[in-house]
Each structure stands twice: as C-alpha cells, then as structure tokens.
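Peer 1: Have a look at the structure that comes next, please.
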Amino acid sequence: MSINTRIIEIKEMFEIILHYAIFSIVIFSNGLIFQIILLNGEKIKLNFFEQSIIGLISTGFLTLILNFFFPLNDLFIYINLIVGCIFLLFFKNQISFKYNKKEKIIILLIFILSLVNLYGSGFSDDLHHYHGGYIVNTDNHNYIVGLNFLHHHYGYSSIWLMLHSYLNINGSLLQDIHVLNALIFFLIISYLIIENIRYSKISKNYLLYLISSVFIFFFLIKYTRLKEFGLDRPGILLFCFLIYFAAKYQYLIKKNLKKANKYFFILFLICLFVSFTKIFFLSCFLVPLFFILKSKNFNFFYNKISLILYLIVFIYFLRNILISGCFVYPFEFTCLSELQWNSKEIASDLLLRTEASTKSFDKYIGPLSAAEYIKNFNWFSTWLLRNGEELFNYIATTVLISVLFILSSQTKKKVKKYSAFEIVIFLLFIF
C-alpha cells in the first residue's frame, strides 16, 4: 500500500470521527433541550444514553418540519451544532455522565467496534435502489409535490432517510450517510450493556437484566454490517429500546399524574418515530396502549402535551399527501383520488408486489398469478420451503428465551414472583 493511499485512509478516518463527534453533540444537545423544555422540569431522570436516543428521535421530527420550507443541507447542521453547544454551556450542570472506569472502558470499546464495523462492511444495494436518491433529493430540495412519480418507493419517505440527509456534511456524503447507522448502534448497545451491568445483581430488576442480556447478544451477532441502508435495522433497534425503556420506567404510572403523562408522551413519541421509519412497526403502539389500559389514565389523550403528538401526526400526513397524494403510502384506500398527483394505482400495484415478494412468489413455479398466489394460503408451501430454517431459528430462540425466563425466576438469589404486567412486557419483547 502506497504512502498516499495510507494518508487518504487516515484522513478519511479522522473525518469520520470528527463528523461522528459533531452529530453526537447535535443529538445529545437536542435531547437535553427536549428534556428541559418539553418535560418541563419534571424529574424523569434520563441518563446520558437515553437523552441521546431521545435527542436522535426529536432531531428526526425536526427534519420532518424543516423540509417543508428548506432543503436539509449543511447550513442546518452547523446552526444546530452552534445552538446545541451554547445550550450545553448554559445548562452544563444538567449534563450527567456518571460512569465508573470499567463502564467508560466498555463504552470506548463499543465506540471502536462501531468504527471498525463501518470499515469492515460494504454498502448495501439499498443505497443504489432508492435510499441514496431520496437522501440527495432531501439534501437539495424541500418537499417535492408528486415526488413519488420519480421513484415508486419515494412515497415511503422514511424519517430515517431524512435523518441521514440531515446528519451528513454534503461534501462527505458517501462517508457520512452511514455514520448515523454506527451512532444508533453505539448508543443502544452501550446503553443496554451499562444497564445490564447495573441491574445484574438486583433481584427486583432481574427482568430488565434478562431482557438486556438477550438484546445485547442478538445485536452483536446480527447487527454488525452498519453500512446497510435497510429500514428494518433502525426500526428494530428502537423497538427494542422502547420495550426496555417502558419496562424500566413503568413505575412512573404509579406516581403522580404529571409524571405518568410525561412517561406516556415519551413512549408515544418513540412509537411515532419507529412507525415513521417503517410503517411495518405500527405494532409498537401496543406498548404505550398497554400502559394506558393498565393505569386507566385515558385523560392522557386530552392532556395538553398530547397535542404535540397530534401535531406531529398531522405534519406526517401532510408531508405524505404532498409526496404521494396518500395519507399512508402504499395503502391505496388512503390515497386521495381528487389530487392529480395521487399514487392510488401505483400503491395498489406496489402493495401487491411487496406482499407477493414477502410470500416468496419469486421462488414459486406454477400457473398462478401473483394476485392468485397470495390468496387462500396458496403461498404457504413455497414460503415455508424458503423460510423454514429461519422460522425454526426464531421459534427455537423464543422457546430458549422463555425457558431461561422461567428458570431465572427459580434461582436461589433471584427468586421473585413476576407480576402479570412483567409477563406481558416479556411476551411483547420476545415476539
């Protein structure tokens, strides 16, 4: 390897670390702003990683609003960085990074692991499919009416791709657009490992220890190719964070009403972000709804803070209508046929092809059309032949985790009678 090549690699590494630091400061400061302003002084004591993850989510909603009026170019990341630094300076007494030496070493090692993975994995085809084009469009334009006609997948308009557009320096596009993948991996893995260490010896929190243990092993085994641009990965990472966060802070529903409402607000906010990342994750709303039913705090839906959630949903629908002419693309029944740029026919065809693809129509050999194939379980034998091994692995993993859960409650030092609530939380987690 030539000296020039080595110099270029070192420069790229330095650039990525620098941008990694910039984006980290931005999302952490946004998380702190969120906690101080929106939580209004209520002491839901989020730690550093929770603040950062919530900051990442709130930054995503910021992009959702900004792109109505402006392209998400470099100017906004610099403005956000300056404002964030000023805010951190004024509220430095509220910054908490209380980790011992062992924990700091672990955090450093995970950070190094995330950087190594960036260099050790190639780009996914998703980048060339439509993700890269969507990111570039968002970098250079505000919302384009009828954008979905440029590519039939642009109608998905995932908030995760908007975050990729916001958290990159345009001159380093192909380097920066994968930093976000490393960042969320680093935050959530670090968070779970530190939580795991702290709760491993606490009997009453053993459920949290068990959940975090399985998450950690699963993520380290499965989620190391960070340059892949699929939307499933960030959605699953944040879905798992939602489950853990919900279980950890569920005690707040027993406290005063204000604290409970702030807790529900955070849960619904996470769910909105996850479902805006990929509509497939709508099931995540079962988590906060379960808590609402458990506490019977239906007044939350009429609380002032819930208006923020309704506003976000309204903005999301408005954005979707501008891009595809549908409230929720690609569901054709949500498309407005009165609009000239509506994607009703495109959505119907795309949904059919997507369903056929997920049911392994590409492996089917026979006379049935795609529309006939997906009906009446005609697809099942072909799908099972292709996915049987993976299905078995998931079932085996679920059974293993369930057995560990049952056995863990029988250990001498961990004896504990699990409540119905904890069992429901656990079942939500494994499925």
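Here, A, B, ... name the chains of the structure tokens in the order displayed, residue numbers run from 1 inside each chain, and ligands are numbered from 1 in the same displayed order.
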Near Phe241 of chain A, within 10 Å and counting only C-alpha atoms, which residues show up once chain neighbours fewer than 6 positions away are dropped, as a list of chain:residue names?
Peer 2: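 In the requested form, the answer reads A:Glu50, A:Ile53, A:Ile188, A:Ile189, A:Tyr191, A:Leu192, A:Ser212, A:Phe215, A:Gly235, A:Ala247, A:Ile270.
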Peer 1: Quick one: write out the picked residues with N, CA, C and O atoms as a PDB file, in the first residue's frame?
Peer 2:
ATOM      1  N   GLU A  50     -30.021   7.645  27.232  1.00  0.00           N
ATOM      2  CA  GLU A  50     -31.450   7.870  26.993  1.00  0.00           C
ATOM      3  C   GLU A  50     -31.686   9.258  26.411  1.00  0.00           C
ATOM      4  O   GLU A  50     -32.478   9.429  25.474  1.00  0.00           O
ATOM      5  N   ILE A  53     -30.575   9.143  22.713  1.00  0.00           N
ATOM      6  CA  ILE A  53     -31.503   8.432  21.835  1.00  0.00           C
ATOM      7  C   ILE A  53     -32.774   9.244  21.626  1.00  0.00           C
ATOM      8  O   ILE A  53     -33.286   9.350  20.500  1.00  0.00           O
ATOM      9  N   ILE A 188     -27.353   2.445  21.522  1.00  0.00           N
ATOM     10  CA  ILE A 188     -28.248   1.437  22.092  1.00  0.00           C
ATOM     11  C   ILE A 188     -27.479   0.274  22.695  1.00  0.00           C
ATOM     12  O   ILE A 188     -27.822  -0.210  23.784  1.00  0.00           O
ATOM     13  N   ILE A 189     -26.407  -0.179  22.038  1.00  0.00           N
ATOM     14  CA  ILE A 189     -25.603  -1.262  22.618  1.00  0.00           C
ATOM     15  C   ILE A 189     -24.939  -0.800  23.915  1.00  0.00           C
ATOM     16  O   ILE A 189     -24.939  -1.519  24.921  1.00  0.00           O
ATOM     17  N   TYR A 191     -25.899   1.575  25.923  1.00  0.00           N
ATOM     18  CA  TYR A 191     -26.976   1.752  26.911  1.00  0.00           C
ATOM     19  C   TYR A 191     -27.354   0.422  27.547  1.00  0.00           C
ATOM     20  O   TYR A 191     -27.424   0.289  28.780  1.00  0.00           O
ATOM     21  N   LEU A 192     -27.581  -0.591  26.710  1.00  0.00           N
ATOM     22  CA  LEU A 192     -28.029  -1.884  27.217  1.00  0.00           C
ATOM     23  C   LEU A 192     -26.944  -2.584  28.042  1.00  0.00           C
ATOM     24  O   LEU A 192     -27.246  -3.208  29.065  1.00  0.00           O
ATOM     25  N   SER A 212     -32.156  -7.185  28.645  1.00  0.00           N
ATOM     26  CA  SER A 212     -30.970  -6.525  28.095  1.00  0.00           C
ATOM     27  C   SER A 212     -29.922  -7.550  27.664  1.00  0.00           C
ATOM     28  O   SER A 212     -29.237  -7.357  26.650  1.00  0.00           O
ATOM     29  N   PHE A 215     -31.007  -8.966  24.251  1.00  0.00           N
ATOM     30  CA  PHE A 215     -30.854  -7.916  23.237  1.00  0.00           C
ATOM     31  C   PHE A 215     -29.393  -7.760  22.838  1.00  0.00           C
ATOM     32  O   PHE A 215     -29.059  -7.656  21.656  1.00  0.00           O
ATOM     33  N   GLY A 235     -35.352   0.413  12.887  1.00  0.00           N
ATOM     34  CA  GLY A 235     -36.662   0.200  13.467  1.00  0.00           C
ATOM     35  C   GLY A 235     -36.631  -0.827  14.581  1.00  0.00           C
ATOM     36  O   GLY A 235     -37.215  -0.625  15.651  1.00  0.00           O
ATOM     37  N   ALA A 247     -40.301  -0.946  30.241  1.00  0.00           N
ATOM     38  CA  ALA A 247     -40.201  -1.809  31.407  1.00  0.00           C
ATOM     39  C   ALA A 247     -39.450  -1.125  32.545  1.00  0.00           C
ATOM     40  O   ALA A 247     -39.816  -1.254  33.717  1.00  0.00           O
ATOM     41  N   ILE A 270     -41.628   7.801  20.796  1.00  0.00           N
ATOM     42  CA  ILE A 270     -40.763   6.758  20.242  1.00  0.00           C
ATOM     43  C   ILE A 270     -41.527   5.935  19.201  1.00  0.00           C
ATOM     44  O   ILE A 270     -41.017   5.626  18.121  1.00  0.00           O
TER      45      ILE A 270
END
Peer 1: Restrict the calculation to only C-alpha atoms, then for each residue of segment 232-281 of chain A with any atom at most 9 Å from an atom of segment 56-61 of chain A give the closest atom pair and their distance in Å to one decimal, rows by chain and rising residue number, as CSV.
Peer 2:
residue,atom,partner,partner_atom,distance
A:Leu269,CA,A:Ile57,CA,8.1
A:Ile270,CA,A:Ile57,CA,7.0
A:Phe273,CA,A:Ile57,CA,6.5
A:Val274,CA,A:Ile57,CA,9.0
Peer 1: Find the residues around Lys278 of chain A up to 9 Å (only C-alpha atoms counted), leave out those fewer than 3 positions away in its own chain, and share them as a ChimeraX atom specification.
Peer 2: /A:156,158-160,231-232,235,273-275,281-282
Peer 1: Env of segment 323-333 of chain A: 6 Å cut, atoms = only C-alpha atoms, seq-sep filter 5 positions within chain, self excluded. Answer as a list in words.
Peer 2: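 Near neighbours after the sequence-gap exclusion: Val145, Gly146, Leu147, Asn148, Gly155, Phe317, Trp341, Asn342, Ser343, Lys344, Ala347 and Ser348 of chain A.
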Peer 1: Output all heavy atoms of each residue in that selection to a file, as an mmCIF file, in the first residue's frame.
Peer 2:
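In the end it all went to selection.cif:
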data_model
loop_
_atom_site.group_PDB
_atom_site.id
_atom_site.type_symbol
_atom_site.label_atom_id
_atom_site.label_comp_id
_atom_site.auth_asym_id
_atom_site.auth_seq_id
_atom_site.Cartn_x
_atom_site.Cartn_y
_atom_site.Cartn_z
ATOM 1 N N VAL A 145 -43.745 18.133 -4.566
ATOM 2 C CA VAL A 145 -45.094 17.629 -4.807
ATOM 3 C C VAL A 145 -45.038 16.549 -5.887
ATOM 4 O O VAL A 145 -44.475 16.747 -6.964
ATOM 5 C CB VAL A 145 -46.040 18.770 -5.243
ATOM 6 C CG1 VAL A 145 -47.425 18.207 -5.586
ATOM 7 C CG2 VAL A 145 -46.148 19.821 -4.152
ATOM 8 N N GLY A 146 -45.604 15.370 -5.583
ATOM 9 C CA GLY A 146 -45.595 14.267 -6.532
ATOM 10 C C GLY A 146 -44.257 13.577 -6.678
ATOM 11 O O GLY A 146 -44.010 12.893 -7.682
ATOM 12 N N LEU A 147 -43.394 13.719 -5.689
ATOM 13 C CA LEU A 147 -42.056 13.117 -5.742
ATOM 14 C C LEU A 147 -42.115 11.616 -6.043
ATOM 15 O O LEU A 147 -41.220 11.066 -6.681
ATOM 16 C CB LEU A 147 -41.328 13.353 -4.412
ATOM 17 C CG LEU A 147 -39.945 12.710 -4.241
ATOM 18 C CD1 LEU A 147 -38.941 13.341 -5.196
ATOM 19 C CD2 LEU A 147 -39.470 12.847 -2.800
ATOM 20 N N ASN A 148 -43.171 10.959 -5.611
ATOM 21 C CA ASN A 148 -43.281 9.517 -5.769
ATOM 22 C C ASN A 148 -43.251 9.067 -7.228
ATOM 23 O O ASN A 148 -42.941 7.913 -7.518
ATOM 24 C CB ASN A 148 -44.562 9.015 -5.099
ATOM 25 C CG ASN A 148 -44.570 7.515 -4.910
ATOM 26 O OD1 ASN A 148 -43.595 6.938 -4.429
ATOM 27 N ND2 ASN A 148 -45.660 6.868 -5.304
ATOM 28 N N GLY A 155 -42.367 7.361 -2.073
ATOM 29 C CA GLY A 155 -43.571 7.615 -1.284
ATOM 30 C C GLY A 155 -43.474 7.121 0.140
ATOM 31 O O GLY A 155 -44.198 7.593 1.018
ATOM 32 N N PHE A 317 -48.929 13.315 7.936
ATOM 33 C CA PHE A 317 -49.934 13.089 6.891
ATOM 34 C C PHE A 317 -49.826 14.137 5.785
ATOM 35 O O PHE A 317 -49.931 13.811 4.595
ATOM 36 C CB PHE A 317 -51.340 13.120 7.495
ATOM 37 C CG PHE A 317 -51.697 11.889 8.277
ATOM 38 C CD1 PHE A 317 -52.605 11.959 9.330
ATOM 39 C CD2 PHE A 317 -51.143 10.657 7.966
ATOM 40 C CE1 PHE A 317 -52.948 10.827 10.042
ATOM 41 C CE2 PHE A 317 -51.474 9.514 8.684
ATOM 42 C CZ PHE A 317 -52.380 9.601 9.719
ATOM 43 N N TRP A 341 -51.767 14.257 -8.448
ATOM 44 C CA TRP A 341 -50.525 13.501 -8.249
ATOM 45 C C TRP A 341 -50.726 12.292 -7.316
ATOM 46 O O TRP A 341 -49.761 11.742 -6.785
ATOM 47 C CB TRP A 341 -49.435 14.419 -7.692
ATOM 48 C CG TRP A 341 -49.716 14.960 -6.315
ATOM 49 C CD1 TRP A 341 -49.374 14.385 -5.123
ATOM 50 C CD2 TRP A 341 -50.397 16.173 -5.984
ATOM 51 N NE1 TRP A 341 -49.783 15.164 -4.069
ATOM 52 C CE2 TRP A 341 -50.413 16.276 -4.571
ATOM 53 C CE3 TRP A 341 -50.989 17.206 -6.732
ATOM 54 C CZ2 TRP A 341 -51.009 17.348 -3.909
ATOM 55 C CZ3 TRP A 341 -51.571 18.273 -6.072
ATOM 56 C CH2 TRP A 341 -51.583 18.340 -4.681
ATOM 57 N N ASN A 342 -51.972 11.860 -7.112
ATOM 58 C CA ASN A 342 -52.185 10.733 -6.205
ATOM 59 C C ASN A 342 -51.579 9.448 -6.785
ATOM 60 O O ASN A 342 -51.490 9.279 -8.006
ATOM 61 C CB ASN A 342 -53.680 10.552 -5.920
ATOM 62 C CG ASN A 342 -54.408 9.763 -6.992
ATOM 63 O OD1 ASN A 342 -54.390 8.534 -6.985
ATOM 64 N ND2 ASN A 342 -55.033 10.472 -7.931
ATOM 65 N N SER A 343 -51.175 8.557 -5.909
ATOM 66 C CA SER A 343 -50.466 7.328 -6.296
ATOM 67 C C SER A 343 -51.326 6.084 -6.080
ATOM 68 O O SER A 343 -50.800 5.016 -5.751
ATOM 69 C CB SER A 343 -49.164 7.202 -5.488
ATOM 70 O OG SER A 343 -48.324 8.312 -5.666
ATOM 71 N N LYS A 344 -52.611 6.204 -6.274
ATOM 72 C CA LYS A 344 -53.521 5.099 -5.959
ATOM 73 C C LYS A 344 -53.173 3.844 -6.742
ATOM 74 O O LYS A 344 -53.046 2.744 -6.179
ATOM 75 C CB LYS A 344 -54.963 5.517 -6.227
ATOM 76 C CG LYS A 344 -55.992 4.529 -5.686
ATOM 77 C CD LYS A 344 -57.382 5.118 -5.711
ATOM 78 C CE LYS A 344 -58.369 4.166 -5.036
ATOM 79 N NZ LYS A 344 -59.730 4.745 -4.964
ATOM 80 N N ALA A 347 -49.724 2.562 -5.759
ATOM 81 C CA ALA A 347 -49.747 1.957 -4.426
ATOM 82 C C ALA A 347 -50.348 0.568 -4.475
ATOM 83 O O ALA A 347 -49.841 -0.374 -3.838
ATOM 84 C CB ALA A 347 -50.545 2.847 -3.470
ATOM 85 N N SER A 348 -51.427 0.400 -5.243
ATOM 86 C CA SER A 348 -52.081 -0.903 -5.349
ATOM 87 C C SER A 348 -51.129 -1.934 -5.948
ATOM 88 O O SER A 348 -50.999 -3.057 -5.439
ATOM 89 C CB SER A 348 -53.340 -0.783 -6.211
ATOM 90 O OG SER A 348 -53.943 -2.043 -6.392
#
Peer 1: What's around Leu183 of chain A at 9 Å? Count only C-alpha atoms, leave out sequence neighbours fewer than 5 positions away in its own chain, and write the answer as number ranges by chain.
Peer 2: A: 20, 23-24, 111, 114, 178, 188
Peer 1: Store the residues picked out above in a file with N, CA and C atoms, as a PDB file, in the first residue's frame.
Peer 2:
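Okay, this is what ended up in part.pdb:
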ATOM      1  N   TYR A  20     -18.631  12.147  13.350  1.00  0.00           N
ATOM      2  CA  TYR A  20     -19.284  11.333  14.380  1.00  0.00           C
ATOM      3  C   TYR A  20     -19.462  12.172  15.649  1.00  0.00           C
ATOM      4  N   PHE A  23     -22.146  15.015  15.049  1.00  0.00           N
ATOM      5  CA  PHE A  23     -23.515  14.507  15.065  1.00  0.00           C
ATOM      6  C   PHE A  23     -23.919  14.064  16.470  1.00  0.00           C
ATOM      7  N   SER A  24     -22.960  13.536  17.228  1.00  0.00           N
ATOM      8  CA  SER A  24     -23.250  13.120  18.605  1.00  0.00           C
ATOM      9  C   SER A  24     -23.610  14.323  19.472  1.00  0.00           C
ATOM     10  N   PHE A 111     -17.509   1.972  21.069  1.00  0.00           N
ATOM     11  CA  PHE A 111     -17.291   3.033  20.088  1.00  0.00           C
ATOM     12  C   PHE A 111     -16.302   2.566  19.017  1.00  0.00           C
ATOM     13  N   SER A 114     -17.926   0.082  16.671  1.00  0.00           N
ATOM     14  CA  SER A 114     -18.801   0.707  15.674  1.00  0.00           C
ATOM     15  C   SER A 114     -17.990   1.299  14.525  1.00  0.00           C
ATOM     16  N   HIS A 178     -23.480   6.852   6.416  1.00  0.00           N
ATOM     17  CA  HIS A 178     -23.530   5.627   7.212  1.00  0.00           C
ATOM     18  C   HIS A 178     -23.114   5.862   8.662  1.00  0.00           C
ATOM     19  N   ILE A 188     -27.353   2.445  21.522  1.00  0.00           N
ATOM     20  CA  ILE A 188     -28.248   1.437  22.092  1.00  0.00           C
ATOM     21  C   ILE A 188     -27.479   0.274  22.695  1.00  0.00           C
TER      22      ILE A 188
END
Peer 1: As a PyMOL selection string, please: the residues near Val26 of chain A (cut-off 7 Å, only C-alpha atoms, same-chain neighbours under 5 positions excluded).
Peer 2: chain A and resi 80-81+84
Peer 1: Deliver the residues from the most recent selection as a file, using all heavy atoms, as a PDB file, in the first residue's frame.
Peer 2:
ATOM      1  N   ASN A  80     -27.517  23.999  14.111  1.00  0.00           N
ATOM      2  CA  ASN A  80     -27.892  23.121  15.216  1.00  0.00           C
ATOM      3  C   ASN A  80     -26.711  22.877  16.149  1.00  0.00           C
ATOM      4  O   ASN A  80     -26.851  22.864  17.381  1.00  0.00           O
ATOM      5  CB  ASN A  80     -28.403  21.797  14.650  1.00  0.00           C
ATOM      6  CG  ASN A  80     -29.249  21.003  15.645  1.00  0.00           C
ATOM      7  OD1 ASN A  80     -30.015  20.113  15.251  1.00  0.00           O
ATOM      8  ND2 ASN A  80     -29.129  21.274  16.916  1.00  0.00           N
ATOM      9  N   LEU A  81     -25.511  22.718  15.573  1.00  0.00           N
ATOM     10  CA  LEU A  81     -24.312  22.487  16.375  1.00  0.00           C
ATOM     11  C   LEU A  81     -24.007  23.694  17.254  1.00  0.00           C
ATOM     12  O   LEU A  81     -23.728  23.545  18.451  1.00  0.00           O
ATOM     13  CB  LEU A  81     -23.121  22.193  15.460  1.00  0.00           C
ATOM     14  CG  LEU A  81     -21.771  21.984  16.148  1.00  0.00           C
ATOM     15  CD1 LEU A  81     -21.798  20.754  17.045  1.00  0.00           C
ATOM     16  CD2 LEU A  81     -20.651  21.863  15.111  1.00  0.00           C
ATOM     17  N   GLY A  84     -26.700  24.057  19.897  1.00  0.00           N
ATOM     18  CA  GLY A  84     -26.538  22.983  20.867  1.00  0.00           C
ATOM     19  C   GLY A  84     -25.384  23.230  21.820  1.00  0.00           C
ATOM     20  O   GLY A  84     -25.516  23.009  23.028  1.00  0.00           O
TER      21      GLY A  84
END
Peer 1: Which of these residues is nearest to Phe239 of chain A, using only C-alpha atoms: A:Ala371, A:Ile22, A:Ile82, A:Leu272?
Peer 2: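 Once distances to Phe239 of chain A are computed over only C-alpha atoms, the minimum belongs to A:Leu272.
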Peer 1: Report, in Å with one decimal, the straight-line distance from atom CA of Phe48 of chain A to atom CA of Ile194 of chain A.
Peer 2: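 Between atom CA of Phe48 of chain A and atom CA of Ile194 of chain A the gap is 11.2 Å.
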Peer 1: Ranking A:Lys92, A:Lys296, A:His19, A:Lys104 by minimum distance to Leu32 of chain A and counting only C-alpha atoms, which one comes first?
Peer 2: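 When distances to Leu32 of chain A are compared using only C-alpha atoms, the smallest one comes from A:Lys92.
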Peer 1: Measure the distance from atom CA of Leu237 of chain A to atom CA of His164 of chain A in Å and round it to one decimal.
Peer 2: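 About the pair atom CA of Leu237 of chain A and atom CA of His164 of chain A: they are 16.2 Å apart.
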Peer 1: Find, counting only C-alpha atoms, the residue in A:Ser369, A:Asn30, A:Thr354, A:Gln35 that gets nearest to Asn47 of chain A.
Peer 2: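 Result for the nearest residue to Asn47 of chain A: A:Gln35.
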Peer 1: Would you please give, as an NGL selection string, all residues of segment 32-156 of chain A that DSSP assigns to helix (DSSP H, G or I) based on the backbone?
Peer 2: :A and (32-37 or 48-66 or 74-90 or 92-94 or 101-120 or 126-140 or 147-149 or 154-156)
Peer 1: Could you check how far atom CA of Ala246 of chain A sits from atom CA of Leu293 of chain A, in Å to one decimal?
Peer 2: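 One can read the atom CA of Ala246 of chain A to atom CA of Leu293 of chain A distance as 14.1 Å.
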